[in-house]
file my_file_11.pdb (PDB, C-alpha atoms)
MODEL        1
ATOM      1  CA  MET A 172      92.110  94.268 110.873
ATOM      2  CA  LEU A 173      89.297  92.673 108.933
ATOM      3  CA  GLU A 174      85.754  92.201 110.124
ATOM      4  CA  VAL A 175      83.753  89.613 108.208
ATOM      5  CA  THR A 176      79.965  89.481 108.474
ATOM      6  CA  VAL A 177      77.916  86.765 106.846
ATOM      7  CA  VAL A 178      74.739  88.502 105.673
ATOM      8  CA  LYS A 179      73.298  85.461 103.883
ATOM      9  CA  GLY A 180      74.294  81.801 104.090
ATOM     10  CA  VAL A 181      74.704  79.019 101.537
ATOM     11  CA  PRO A 182      74.231  78.443  98.684
ATOM     12  CA  ASP A 183      74.201  82.077  97.513
ATOM     13  CA  VAL A 184      76.351  83.629 100.187
ATOM     14  CA  VAL A 185      76.577  87.354 100.895
ATOM     15  CA  ILE A 186      79.546  88.560 102.932
ATOM     16  CA  LYS A 187      80.264  92.066 104.134
ATOM     17  CA  LEU A 188      83.878  93.129 104.745
ATOM     18  CA  GLU A 189      85.056  95.987 106.936
ATOM     19  CA  GLY A 190      88.609  97.082 107.662
ATOM     20  CA  SER A 191      91.470  96.017 105.427
ATOM     21  CA  LEU A 192      91.905  93.010 103.165
ATOM     22  CA  ASP A 193      95.500  91.992 102.520
ATOM     23  CA  MET A 194      97.892  89.124 103.093
ATOM     24  CA  GLY A 195      97.959  89.843 106.830
ATOM     25  CA  THR A 196      94.189  89.917 107.348
ATOM     26  CA  GLY A 197      92.883  87.590 104.613
ATOM     27  CA  HIS A 198      92.871  84.613 106.991
ATOM     28  CA  SER A 199      89.672  85.968 108.636
ATOM     29  CA  LEU A 200      87.842  85.807 105.316
ATOM     30  CA  GLN A 201      89.391  82.430 104.526
ATOM     31  CA  ARG A 202      88.215  81.039 107.866
ATOM     32  CA  THR A 203      84.656  82.255 107.241
ATOM     33  CA  VAL A 204      84.601  80.778 103.741
ATOM     34  CA  GLU A 205      85.930  77.475 105.062
ATOM     35  CA  GLU A 206      83.274  77.424 107.777
ATOM     36  CA  LEU A 207      80.576  78.028 105.172
ATOM     37  CA  ASP A 208      82.190  75.269 103.079
ATOM     38  CA  LEU A 209      83.227  76.365  99.613
ATOM     39  CA  ASP A 210      81.741  73.156  98.151
ATOM     40  CA  ARG A 211      78.279  74.269  99.299
ATOM     41  CA  ILE A 212      78.617  77.832  97.969
ATOM     42  CA  HIS A 213      77.212  78.591  94.534
ATOM     43  CA  ASN A 214      77.588  82.356  94.256
ATOM     44  CA  LEU A 215      79.614  84.469  96.659
ATOM     45  CA  THR A 216      78.684  88.140  96.855
ATOM     46  CA  VAL A 217      81.270  90.229  98.669
ATOM     47  CA  SER A 218      80.494  93.767  99.779
ATOM     48  CA  LEU A 219      83.663  95.863  99.810
ATOM     49  CA  SER A 220      82.086  99.256 100.569
ATOM     50  CA  GLY A 221      83.118  99.085 104.215
ATOM     51  CA  LEU A 222      86.759  98.388 103.404
ATOM     52  CA  ASP A 223      89.401 100.943 104.180
ATOM     53  CA  ILE A 224      92.220  99.336 102.172
ATOM     54  CA  ILE A 225      92.466  96.424  99.763
ATOM     55  CA  ASP A 226      95.704  95.481  98.040
ATOM     56  CA  SER A 227      96.558  93.125  95.185
ATOM     57  CA  THR A 228      96.896  90.120  97.503
ATOM     58  CA  GLY A 229      93.400  90.756  98.910
ATOM     59  CA  ILE A 230      92.032  91.074  95.405
ATOM     60  CA  GLY A 231      93.895  87.897  94.466
ATOM     61  CA  GLN A 232      92.099  86.072  97.269
ATOM     62  CA  LEU A 233      88.696  87.053  95.843
ATOM     63  CA  ILE A 234      89.789  86.021  92.339
ATOM     64  CA  GLY A 235      90.941  82.695  93.805
ATOM     65  CA  TYR A 236      87.414  82.041  95.143
ATOM     66  CA  HIS A 237      85.990  83.021  91.766
ATOM     67  CA  ARG A 238      88.220  80.492  89.986
ATOM     68  CA  ILE A 239      87.028  77.732  92.291
ATOM     69  CA  LEU A 240      83.335  78.667  92.064
ATOM     70  CA  SER A 241      83.399  79.150  88.305
ATOM     71  CA  ARG A 242      84.362  75.470  87.901
ATOM     72  CA  LYS A 243      80.859  74.633  89.115
ATOM     73  CA  ASN A 244      79.140  77.510  87.275
ATOM     74  CA  GLY A 245      79.157  79.797  90.267
ATOM     75  CA  ARG A 246      80.927  83.124  90.621
ATOM     76  CA  VAL A 247      82.122  85.861  92.917
ATOM     77  CA  LEU A 248      80.144  89.100  92.685
ATOM     78  CA  ILE A 249      81.490  92.351  94.052
ATOM     79  CA  GLU A 250      79.338  95.069  95.573
ATOM     80  CA  ASN A 251      81.078  98.351  96.149
ATOM     81  CA  ASP A 252      80.327 102.048  96.285
ATOM     82  CA  ASN A 253      83.655 103.092  97.818
ATOM     83  CA  ARG A 254      85.519 105.284  95.301
ATOM     84  CA  GLU A 255      89.016 104.432  96.517
ATOM     85  CA  ILE A 256      88.361 100.709  96.529
ATOM     86  CA  GLU A 257      86.795 100.970  93.073
ATOM     87  CA  GLU A 258      89.917 102.710  91.783
ATOM     88  CA  ILE A 259      92.204  99.820  92.685
ATOM     89  CA  LEU A 260      89.657  97.285  91.405
ATOM     90  CA  GLY A 261      89.755  99.184  88.112
ATOM     91  CA  LEU A 262      93.537  99.379  88.103
ATOM     92  CA  ILE A 263      93.843  95.604  88.392
ATOM     93  CA  GLY A 264      90.875  94.950  86.121
ATOM     94  CA  VAL A 265      88.997  92.849  88.645
ATOM     95  CA  ARG A 266      85.540  93.423  87.236
ATOM     96  CA  GLU A 267      86.695  92.200  83.814
ATOM     97  CA  ILE A 268      88.191  89.099  85.421
ATOM     98  CA  LEU A 269      85.031  88.414  87.424
ATOM     99  CA  GLY A 270      82.740  89.447  84.588
ATOM    100  CA  SER A 271      80.798  91.795  86.867
TER     101      SER A 271
ATOM    102  CA  MET B  75     153.498  43.163  89.184
ATOM    103  CA  ASN B  76     155.739  45.779  90.745
ATOM    104  CA  PHE B  77     154.992  49.437  90.053
ATOM    105  CA  PRO B  78     157.680  52.008  90.639
ATOM    106  CA  SER B  79     156.811  53.911  93.800
ATOM    107  CA  THR B  80     156.188  57.187  91.862
ATOM    108  CA  TYR B  81     153.356  55.765  89.690
ATOM    109  CA  TRP B  82     150.708  56.991  92.102
ATOM    110  CA  VAL B  83     151.524  60.510  90.904
ATOM    111  CA  TYR B  84     149.881  59.958  87.481
ATOM    112  CA  PRO B  85     146.299  59.274  88.602
ATOM    113  CA  LEU B  86     146.601  62.062  91.144
ATOM    114  CA  ALA B  87     147.801  64.443  88.427
ATOM    115  CA  ALA B  88     144.877  63.387  86.236
ATOM    116  CA  VAL B  89     142.375  64.074  89.047
ATOM    117  CA  LEU B  90     144.004  67.401  89.853
ATOM    118  CA  GLY B  91     144.038  68.329  86.166
ATOM    119  CA  TYR B  92     140.330  67.582  85.880
ATOM    120  CA  LEU B  93     139.530  69.581  89.021
ATOM    121  CA  CYS B  94     141.542  72.549  87.682
ATOM    122  CA  TYR B  95     139.635  72.316  84.415
ATOM    123  CA  ARG B  96     136.275  72.327  86.263
ATOM    124  CA  LEU B  97     137.410  75.209  88.437
ATOM    125  CA  GLY B  98     138.486  77.146  85.349
ATOM    126  CA  CYS B  99     135.075  76.521  83.756
ATOM    127  CA  TRP B 100     133.340  77.654  86.924
ATOM    128  CA  VAL B 101     135.438  80.827  87.211
ATOM    129  CA  GLN B 102     134.892  81.584  83.547
ATOM    130  CA  LYS B 103     131.165  81.004  83.907
ATOM    131  CA  GLY B 104     131.100  83.295  86.940
ATOM    132  CA  ARG B 105     132.985  85.976  85.020
ATOM    133  CA  THR B 106     130.616  85.689  82.074
ATOM    134  CA  GLU B 107     127.571  85.830  84.337
ATOM    135  CA  ARG B 108     128.943  88.843  86.200
ATOM    136  CA  ALA B 109     129.728  90.572  82.915
ATOM    137  CA  GLU B 110     126.216  89.823  81.644
ATOM    138  CA  TYR B 111     124.743  91.073  84.919
ATOM    139  CA  ARG B 112     126.723  94.324  84.700
ATOM    140  CA  GLU B 113     125.656  94.753  81.085
ATOM    141  CA  LEU B 114     121.995  94.178  81.945
ATOM    142  CA  LEU B 115     122.243  96.522  84.905
ATOM    143  CA  ALA B 116     123.747  99.244  82.710
ATOM    144  CA  VAL B 117     120.995  98.852  80.113
ATOM    145  CA  TYR B 118     118.176  98.951  82.672
ATOM    146  CA  ARG B 119     119.702 101.886  84.515
ATOM    147  CA  GLU B 120     119.595 103.839  81.305
ATOM    148  CA  ILE B 121     116.276 102.651  79.939
ATOM    149  CA  LEU B 122     114.008 102.518  83.007
ATOM    150  CA  PRO B 123     114.029 106.278  83.773
ATOM    151  CA  LYS B 124     113.565 107.088  80.086
ATOM    152  CA  ILE B 125     110.507 104.986  79.492
ATOM    153  CA  THR B 126     108.926 105.948  82.822
ATOM    154  CA  HIS B 127     109.768 109.676  82.612
ATOM    155  CA  GLY B 128     112.046 109.346  85.607
ATOM    156  CA  ARG B 129     109.494 107.558  87.763
ATOM    157  CA  VAL B 130     111.421 104.289  88.033
ATOM    158  CA  ARG B 131     115.178 104.270  88.635
ATOM    159  CA  LEU B 132     117.559 101.416  89.188
ATOM    160  CA  ILE B 133     120.393 102.382  91.515
ATOM    161  CA  SER B 134     123.426 100.545  92.838
ATOM    162  CA  PRO B 135     123.980  99.848  96.566
ATOM    163  CA  ALA B 136     126.787 102.435  96.512
ATOM    164  CA  GLU B 137     124.448 105.050  95.053
ATOM    165  CA  TYR B 138     121.773 104.116  97.579
ATOM    166  CA  ARG B 139     124.180 104.567 100.473
ATOM    167  CA  ALA B 140     125.561 107.813  99.049
ATOM    168  CA  ALA B 141     122.079 109.258  98.597
ATOM    169  CA  TYR B 142     120.469 108.226 101.858
ATOM    170  CA  ALA B 143     123.079 107.166 104.421
ATOM    171  CA  GLY B 144     122.935 110.545 106.183
ATOM    172  CA  ASP B 145     119.154 110.667 106.491
ATOM    173  CA  ASP B 146     117.641 109.873 109.858
ATOM    174  CA  PRO B 147     114.369 107.989 109.553
ATOM    175  CA  LEU B 148     111.373 109.136 111.545
ATOM    176  CA  LEU B 149     110.247 105.562 112.022
ATOM    177  CA  ILE B 150     111.864 102.163 111.677
ATOM    178  CA  ILE B 151     109.434  99.261 111.519
ATOM    179  CA  ASP B 152     110.575  95.656 111.314
ATOM    180  CA  VAL B 153     108.886  93.300 108.877
ATOM    181  CA  GLU B 154     108.982  89.553 109.120
ATOM    182  CA  GLN B 155     105.559  87.991 108.994
ATOM    183  CA  LYS B 156     102.082  88.484 107.540
ATOM    184  CA  ASP B 157     100.763  90.316 110.601
ATOM    185  CA  ASP B 158     103.377  92.998 110.033
ATOM    186  CA  ILE B 159     101.643  94.199 106.848
ATOM    187  CA  PRO B 160      98.601  95.761 108.575
ATOM    188  CA  ARG B 161     100.828  96.764 111.509
ATOM    189  CA  VAL B 162     103.141  98.790 109.255
ATOM    190  CA  ARG B 163     100.161 100.496 107.637
ATOM    191  CA  GLN B 164      98.563 101.315 110.964
ATOM    192  CA  THR B 165     101.789 102.688 112.446
ATOM    193  CA  VAL B 166     102.412 104.928 109.422
ATOM    194  CA  ASP B 167      98.773 105.982 109.266
ATOM    195  CA  GLU B 168      98.666 107.053 112.914
ATOM    196  CA  PHE B 169     102.032 108.771 112.666
ATOM    197  CA  PHE B 170     101.240 110.947 109.644
ATOM    198  CA  ALA B 171      97.692 111.764 110.727
ATOM    199  CA  ASP B 172      99.189 114.323 113.112
ATOM    200  CA  PHE B 173     101.616 115.924 110.679
ATOM    201  CA  ILE B 174     100.126 115.984 107.223
ATOM    202  CA  PRO B 175      97.151 118.217 106.508
ATOM    203  CA  HIS B 176      94.488 116.364 104.497
ATOM    204  CA  TRP B 177      96.168 113.048 105.352
ATOM    205  CA  LYS B 178      92.723 111.434 105.401
ATOM    206  CA  GLU B 179      92.172 112.334 101.754
ATOM    207  CA  VAL B 180      95.528 111.064 100.489
ATOM    208  CA  ARG B 181      96.321 108.212 102.876
ATOM    209  CA  SER B 182      94.631 105.368 101.029
ATOM    210  CA  PRO B 183      96.810 105.195  97.864
ATOM    211  CA  ILE B 184      99.985 105.847  99.861
ATOM    212  CA  LEU B 185      99.219 103.092 102.365
ATOM    213  CA  THR B 186      98.179 100.718  99.570
ATOM    214  CA  ALA B 187     101.507 101.229  97.758
ATOM    215  CA  LEU B 188     103.375 100.667 101.018
ATOM    216  CA  SER B 189     101.309  97.556 101.661
ATOM    217  CA  GLU B 190     102.365  96.112  98.298
ATOM    218  CA  ALA B 191     106.049  96.700  99.008
ATOM    219  CA  VAL B 192     105.834  95.176 102.480
ATOM    220  CA  THR B 193     103.885  92.201 101.122
ATOM    221  CA  ASN B 194     106.776  91.495  98.727
ATOM    222  CA  VAL B 195     109.168  91.381 101.666
ATOM    223  CA  VAL B 196     106.943  88.931 103.561
ATOM    224  CA  LYS B 197     106.292  86.762 100.505
ATOM    225  CA  HIS B 198     109.749  86.542  99.006
ATOM    226  CA  THR B 199     112.379  87.209 101.670
ATOM    227  CA  PRO B 200     113.314  86.168 105.220
ATOM    228  CA  GLY B 201     112.459  89.657 106.477
ATOM    229  CA  GLY B 202     113.252  93.319 106.355
ATOM    230  CA  ARG B 203     112.218  96.698 107.605
ATOM    231  CA  VAL B 204     110.514  99.910 106.608
ATOM    232  CA  LEU B 205     112.191 103.267 107.108
ATOM    233  CA  VAL B 206     109.863 106.247 107.073
ATOM    234  CA  TYR B 207     110.892 109.782 106.087
ATOM    235  CA  LEU B 208     109.023 112.975 105.410
ATOM    236  CA  GLU B 209     110.196 115.240 102.602
ATOM    237  CA  SER B 210     108.773 118.673 101.848
ATOM    238  CA  THR B 211     106.616 117.102  99.129
ATOM    239  CA  GLY B 212     105.352 114.040 100.983
ATOM    240  CA  PRO B 213     106.300 110.818 102.768
ATOM    241  CA  ARG B 214     109.167 108.682 101.516
ATOM    242  CA  PHE B 215     109.445 105.010 102.410
ATOM    243  CA  HIS B 216     112.434 102.723 102.166
ATOM    244  CA  VAL B 217     111.434  99.077 102.174
ATOM    245  CA  GLU B 218     114.607  97.060 102.710
ATOM    246  CA  ASP B 219     114.944  93.305 102.838
ATOM    247  CA  CYS B 220     117.615  90.700 103.445
ATOM    248  CA  GLY B 221     116.550  88.478 100.556
ATOM    249  CA  SER B 222     118.654  87.220  97.667
ATOM    250  CA  GLY B 223     117.787  90.125  95.375
ATOM    251  CA  MET B 224     115.542  90.468  92.365
ATOM    252  CA  ASP B 225     116.241  88.631  89.146
ATOM    253  CA  LEU B 226     117.329  91.476  86.885
ATOM    254  CA  ALA B 227     116.324  89.641  83.735
ATOM    255  CA  LYS B 228     112.748  89.525  85.019
ATOM    256  CA  LEU B 229     112.658  93.085  86.323
ATOM    257  CA  PRO B 230     110.907  94.698  83.325
ATOM    258  CA  ALA B 231     108.186  92.057  83.405
ATOM    259  CA  MET B 232     107.748  92.479  87.165
ATOM    260  CA  VAL B 233     107.521  96.262  86.931
ATOM    261  CA  PHE B 234     105.580  96.760  83.736
ATOM    262  CA  VAL B 235     103.511  93.653  83.119
ATOM    263  CA  SER B 236     100.466  93.587  85.339
ATOM    264  CA  GLY B 237      99.731  89.960  86.101
ATOM    265  CA  TYR B 238     103.345  88.805  85.807
ATOM    266  CA  SER B 239     104.052  86.415  88.628
ATOM    267  CA  GLU B 240     106.104  83.289  89.167
ATOM    268  CA  THR B 241     103.809  82.163  91.932
ATOM    269  CA  SER B 242     100.041  81.889  92.133
ATOM    270  CA  SER B 243      99.752  85.553  93.157
ATOM    271  CA  LEU B 244      98.220  88.226  90.946
ATOM    272  CA  GLY B 245     101.503  89.883  90.088
ATOM    273  CA  ALA B 246      99.972  93.351  90.242
ATOM    274  CA  GLY B 247     102.055  94.757  93.111
ATOM    275  CA  PHE B 248     104.348  96.901  90.981
ATOM    276  CA  THR B 249     101.406  98.146  88.923
ATOM    277  CA  VAL B 250      99.806  99.419  92.121
ATOM    278  CA  MET B 251     103.052 100.912  93.447
ATOM    279  CA  LEU B 252     103.711 102.688  90.151
ATOM    280  CA  ARG B 253     100.242 104.135  90.069
ATOM    281  CA  TYR B 254     100.221 105.319  93.663
ATOM    282  CA  THR B 255     103.727 106.736  94.069
ATOM    283  CA  GLN B 256     105.545 109.594  92.433
ATOM    284  CA  GLN B 257     108.868 107.827  92.052
ATOM    285  CA  MET B 258     110.272 104.394  92.743
ATOM    286  CA  GLU B 259     113.960 103.583  93.115
ATOM    287  CA  ILE B 260     115.062  99.979  93.047
ATOM    288  CA  CYS B 261     118.370  98.916  94.523
ATOM    289  CA  THR B 262     118.915  95.185  94.346
ATOM    290  CA  SER B 263     121.892  92.893  94.821
ATOM    291  CA  ALA B 264     122.583  89.383  96.072
ATOM    292  CA  GLU B 265     122.550  90.787  99.623
ATOM    293  CA  GLY B 266     119.041  92.191  99.441
ATOM    294  CA  THR B 267     116.737  94.748  97.904
ATOM    295  CA  ALA B 268     115.811  98.271  98.888
ATOM    296  CA  LEU B 269     112.792  99.914  97.358
ATOM    297  CA  VAL B 270     112.418 103.659  97.754
ATOM    298  CA  LEU B 271     108.842 104.852  97.363
ATOM    299  CA  ARG B 272     108.527 108.596  97.035
ATOM    300  CA  THR B 273     105.056 110.093  97.261
ATOM    301  CA  HIS B 274     103.993 113.590  96.285
ATOM    302  CA  LEU B 275     101.037 115.082  98.080
ATOM    303  CA  ALA B 276     100.562 117.690  95.349
ATOM    304  CA  SER B 277     100.639 115.157  92.492
ATOM    305  CA  PRO B 278      97.635 115.298  90.112
ATOM    306  CA  LEU B 279      96.337 112.087  91.698
ATOM    307  CA  ASN B 280      96.427 113.549  95.200
ATOM    308  CA  ARG B 281      95.281 117.048  94.182
ATOM    309  CA  GLU B 282      92.173 115.421  92.790
ATOM    310  CA  ARG B 283      91.613 113.684  96.115
ATOM    311  CA  ARG B 284      92.149 116.903  98.033
ATOM    312  CA  GLY B 285      89.794 118.954  95.906
ATOM    313  CA  LYS B 286      92.605 120.344  93.688
ATOM    314  CA  GLU B 287      94.108 122.468  96.458
ATOM    315  CA  GLU B 288      97.774 123.349  96.240
ATOM    316  CA  GLY B 289     100.102 121.409  98.501
ATOM    317  CA  HIS B 290     101.338 122.937 101.735
ATOM    318  CA  ALA B 291     104.990 122.746 102.589
ATOM    319  CA  LEU B 292     105.261 120.159 105.309
ATOM    320  CA  SER B 293     106.895 120.968 108.535
ATOM    321  CA  CYS B 294     109.380 118.477 109.835
ATOM    322  CA  CYS B 295     108.160 116.261 112.600
ATOM    323  CA  PRO B 296     110.100 114.886 115.562
ATOM    324  CA  ALA B 297     111.927 111.629 115.126
ATOM    325  CA  VAL B 298     110.199 108.682 116.675
ATOM    326  CA  GLU B 299     111.515 105.175 116.602
ATOM    327  CA  ALA B 300     108.987 102.395 116.743
ATOM    328  CA  GLY B 301     111.622  99.728 116.918
ATOM    329  CA  HIS B 302     115.175  99.213 115.764
ATOM    330  CA  GLY B 303     116.669  96.448 113.684
ATOM    331  CA  CYS B 304     115.538  92.871 113.376
ATOM    332  CA  GLY B 305     118.779  91.222 114.278
ATOM    333  CA  GLN B 306     119.736  90.946 110.620
ATOM    334  CA  ASN B 307     122.532  92.721 108.824
ATOM    335  CA  TYR B 308     121.420  95.161 106.203
ATOM    336  CA  PRO B 309     123.788  95.704 103.318
ATOM    337  CA  TRP B 310     122.617  99.299 103.139
ATOM    338  CA  GLN B 311     124.173 100.546 106.313
TER     339      GLN B 311
ENDMDL
END

call {"tool": "encode", "arguments": {"input": "my_file_11.pdb", "output": "structure tokens"}}
result
Amino acid sequence: MLEVTVVKGVPDVVIKLEGSLDMGTGHSLQRTVEELDLDRIHNLTVSLSGLDIIDSTGIGQLIGYHRILSRKNGRVLIENDNREIEEILGLIGVREILGS
Amino acid sequence: MNFPSTYWVYPLAAVLGYLCYRLGCWVQKGRTERAEYRELLAVYREILPKITHGRVRLISPAEYRAAYAGDDPLLIIDVEQKDDIPRVRQTVDEFFADFIPHWKEVRSPILTALSEAVTNVVKHTPGGRVLVYLESTGPRFHVEDCGSGMDLAKLPAMVFVSGYSETSSLGAGFTVMLRYTQQMEICTSAEGTALVLRTHLASPLNRERRGKEEGHALSCCPAVEAGHGCGQNYPWQ
């Protein structure tokens, strides 16, 4: 399950995730982003420290938001101090992709 | 103009001749494709274990059945839709929490690898199932599907090239599975694919997570069936 908390609203949104982010749970994050309206978001900061599991599809979802935001000079920023989550981010090279 | 009554035979013979020619071409093409497939299979079967130090093996359905047909799974979990991905993880997580010492320390990479395999089933096939086993060294998962099989020609790219994908996805699933499992066996045919993920609780990766302790031999746990079959025929049985 994925719990999504909006810490700060548009335009520089901060979202905190808890639980797991994958293909089966990503719809909760997608719904929140749609409610905030991606067109009104400039930067999207996502805190992953509370996540238990993230897989490549979950990471792909974040990269998808980054691709959209970067077209209007925005970006996705990742906050994380969870060692296991950081390991998979490193394995896929997410920080290089996001430039963070 | 009067045609002899047997003249109708000539156009029919021409049509039949053409159809036989097309059929011959088709059969020949099929034979060539099958020969190419067998050749490719033979090459990959030899090369994959060598370049991965035995960590990735390509096996035939007959070998898969011979190796595993007698094993009774501890859990059978059906997979069909997106919601099944977290459900599989949760079921496995709760199940092993009672049987594996230090499960909390090693669970994350194992469940992530399993998640990737199950995601492939949901994304690319009509459905499948996960069979869960426990060996003396760690959990073993069989992720079977009823899809049309993997394209052998693209297998090396799928397994070794992080970011290789024919869809809009990241294409990093195999990279994650390779990193987080001890050994991966791939059995694929036109009737479906079975992926065997073997984990090792005493692997360097997991020893690091467990504070470099030596692995305990795992006791066998009672068989529990979470569900059975999804109404589809598995070529592996």

call {"tool": "interface_residues", "arguments": {"input": "my_file_11.pdb", "of": "chain A", "to": "chain B", "cutoff": "8 Å", "atoms": "all atoms listed in the file", "output": "number ranges by chain"}}
result
A: 172, 191, 193-196, 223-228, 231, 255, 259, 262-263

call {"tool": "write_last_selection", "arguments": {"input": "my_file_11.pdb", "atoms": "C-alpha atoms", "output": "mmCIF file, keeping the file's coordinate frame"}}
result
data_model
loop_
_atom_site.group_PDB
_atom_site.id
_atom_site.type_symbol
_atom_site.label_atom_id
_atom_site.label_comp_id
_atom_site.auth_asym_id
_atom_site.auth_seq_id
_atom_site.Cartn_x
_atom_site.Cartn_y
_atom_site.Cartn_z
ATOM 1 C CA MET A 172 92.110 94.268 110.873
ATOM 2 C CA SER A 191 91.470 96.017 105.427
ATOM 3 C CA ASP A 193 95.500 91.992 102.520
ATOM 4 C CA MET A 194 97.892 89.124 103.093
ATOM 5 C CA GLY A 195 97.959 89.843 106.830
ATOM 6 C CA THR A 196 94.189 89.917 107.348
ATOM 7 C CA ASP A 223 89.401 100.943 104.180
ATOM 8 C CA ILE A 224 92.220 99.336 102.172
ATOM 9 C CA ILE A 225 92.466 96.424 99.763
ATOM 10 C CA ASP A 226 95.704 95.481 98.040
ATOM 11 C CA SER A 227 96.558 93.125 95.185
ATOM 12 C CA THR A 228 96.896 90.120 97.503
ATOM 13 C CA GLY A 231 93.895 87.897 94.466
ATOM 14 C CA GLU A 255 89.016 104.432 96.517
ATOM 15 C CA ILE A 259 92.204 99.820 92.685
ATOM 16 C CA LEU A 262 93.537 99.379 88.103
ATOM 17 C CA ILE A 263 93.843 95.604 88.392
#

call {"tool": "atom_distance", "arguments": {"input": "my_file_11.pdb", "atom1": "atom CA of B:Ile174", "atom2": "atom CA of B:Ala268"}}
result
25.1 Å

call {"tool": "resolve_selection", "arguments": {"input": "my_file_11.pdb", "expression": "the PyMOL selection byres ((chain A and resi 239) around 12)", "output": "ChimeraX atom specification"}}
result
/A:209-215,232-238,240-247,269

call {"tool": "closest_residue", "arguments": {"input": "my_file_11.pdb", "among": "A:Leu219, A:Val177, A:Arg266, A:Pro182", "to": "A:Thr203", "atoms": "all atoms listed in the file"}}
result
A:Val177

call {"tool": "residues_near_point", "arguments": {"input": "my_file_11.pdb", "point": "(78.3, 89.0, 94.6)", "cutoff": "9 Å", "atoms": "all atoms listed in the file", "output": "VMD selection string"}}
result
chain A and resid 183 to 186 214 to 218 246 to 250 271

call {"tool": "build_atoms", "arguments": {"input": "my_file_11.pdb", "residues": "stretch 254-268 of chain A", "atoms": "N, CA and C atoms", "output": "short mmCIF file (atom, residue, chain, number, x, y, z; two decimals), in the frame of the given file"}}
result
data_model
loop_
_atom_site.label_atom_id
_atom_site.label_comp_id
_atom_site.auth_asym_id
_atom_site.auth_seq_id
_atom_site.Cartn_x
_atom_site.Cartn_y
_atom_site.Cartn_z
N ARG A 254 84.77 104.80 96.46
CA ARG A 254 85.52 105.28 95.30
C ARG A 254 86.98 104.80 95.30
N GLU A 255 87.60 104.81 96.46
CA GLU A 255 89.02 104.43 96.52
C GLU A 255 89.21 102.93 96.26
N ILE A 256 88.29 102.16 96.77
CA ILE A 256 88.36 100.71 96.53
C ILE A 256 88.09 100.44 95.04
N GLU A 257 87.14 101.17 94.48
CA GLU A 257 86.80 100.97 93.07
C GLU A 257 87.99 101.31 92.18
N GLU A 258 88.77 102.30 92.59
CA GLU A 258 89.92 102.71 91.78
C GLU A 258 90.93 101.57 91.65
N ILE A 259 91.21 100.91 92.76
CA ILE A 259 92.20 99.82 92.68
C ILE A 259 91.62 98.58 91.98
N LEU A 260 90.30 98.39 92.14
CA LEU A 260 89.66 97.28 91.40
C LEU A 260 89.80 97.53 89.90
N GLY A 261 89.63 98.81 89.52
CA GLY A 261 89.76 99.18 88.11
C GLY A 261 91.18 99.05 87.62
N LEU A 262 92.12 99.44 88.47
CA LEU A 262 93.54 99.38 88.10
C LEU A 262 93.96 97.95 87.79
N ILE A 263 93.47 97.02 88.58
CA ILE A 263 93.84 95.60 88.39
C ILE A 263 92.91 94.92 87.38
N GLY A 264 91.79 95.53 87.11
CA GLY A 264 90.88 94.95 86.12
C GLY A 264 90.05 93.80 86.69
N VAL A 265 89.68 93.95 87.96
CA VAL A 265 89.00 92.85 88.64
C VAL A 265 87.62 92.58 88.04
N ARG A 266 86.91 93.64 87.73
CA ARG A 266 85.54 93.42 87.24
C ARG A 266 85.54 92.68 85.89
N GLU A 267 86.58 92.94 85.09
CA GLU A 267 86.70 92.20 83.81
C GLU A 267 86.97 90.72 84.11
N ILE A 268 87.84 90.49 85.08
CA ILE A 268 88.19 89.10 85.42
C ILE A 268 86.96 88.36 85.96
#
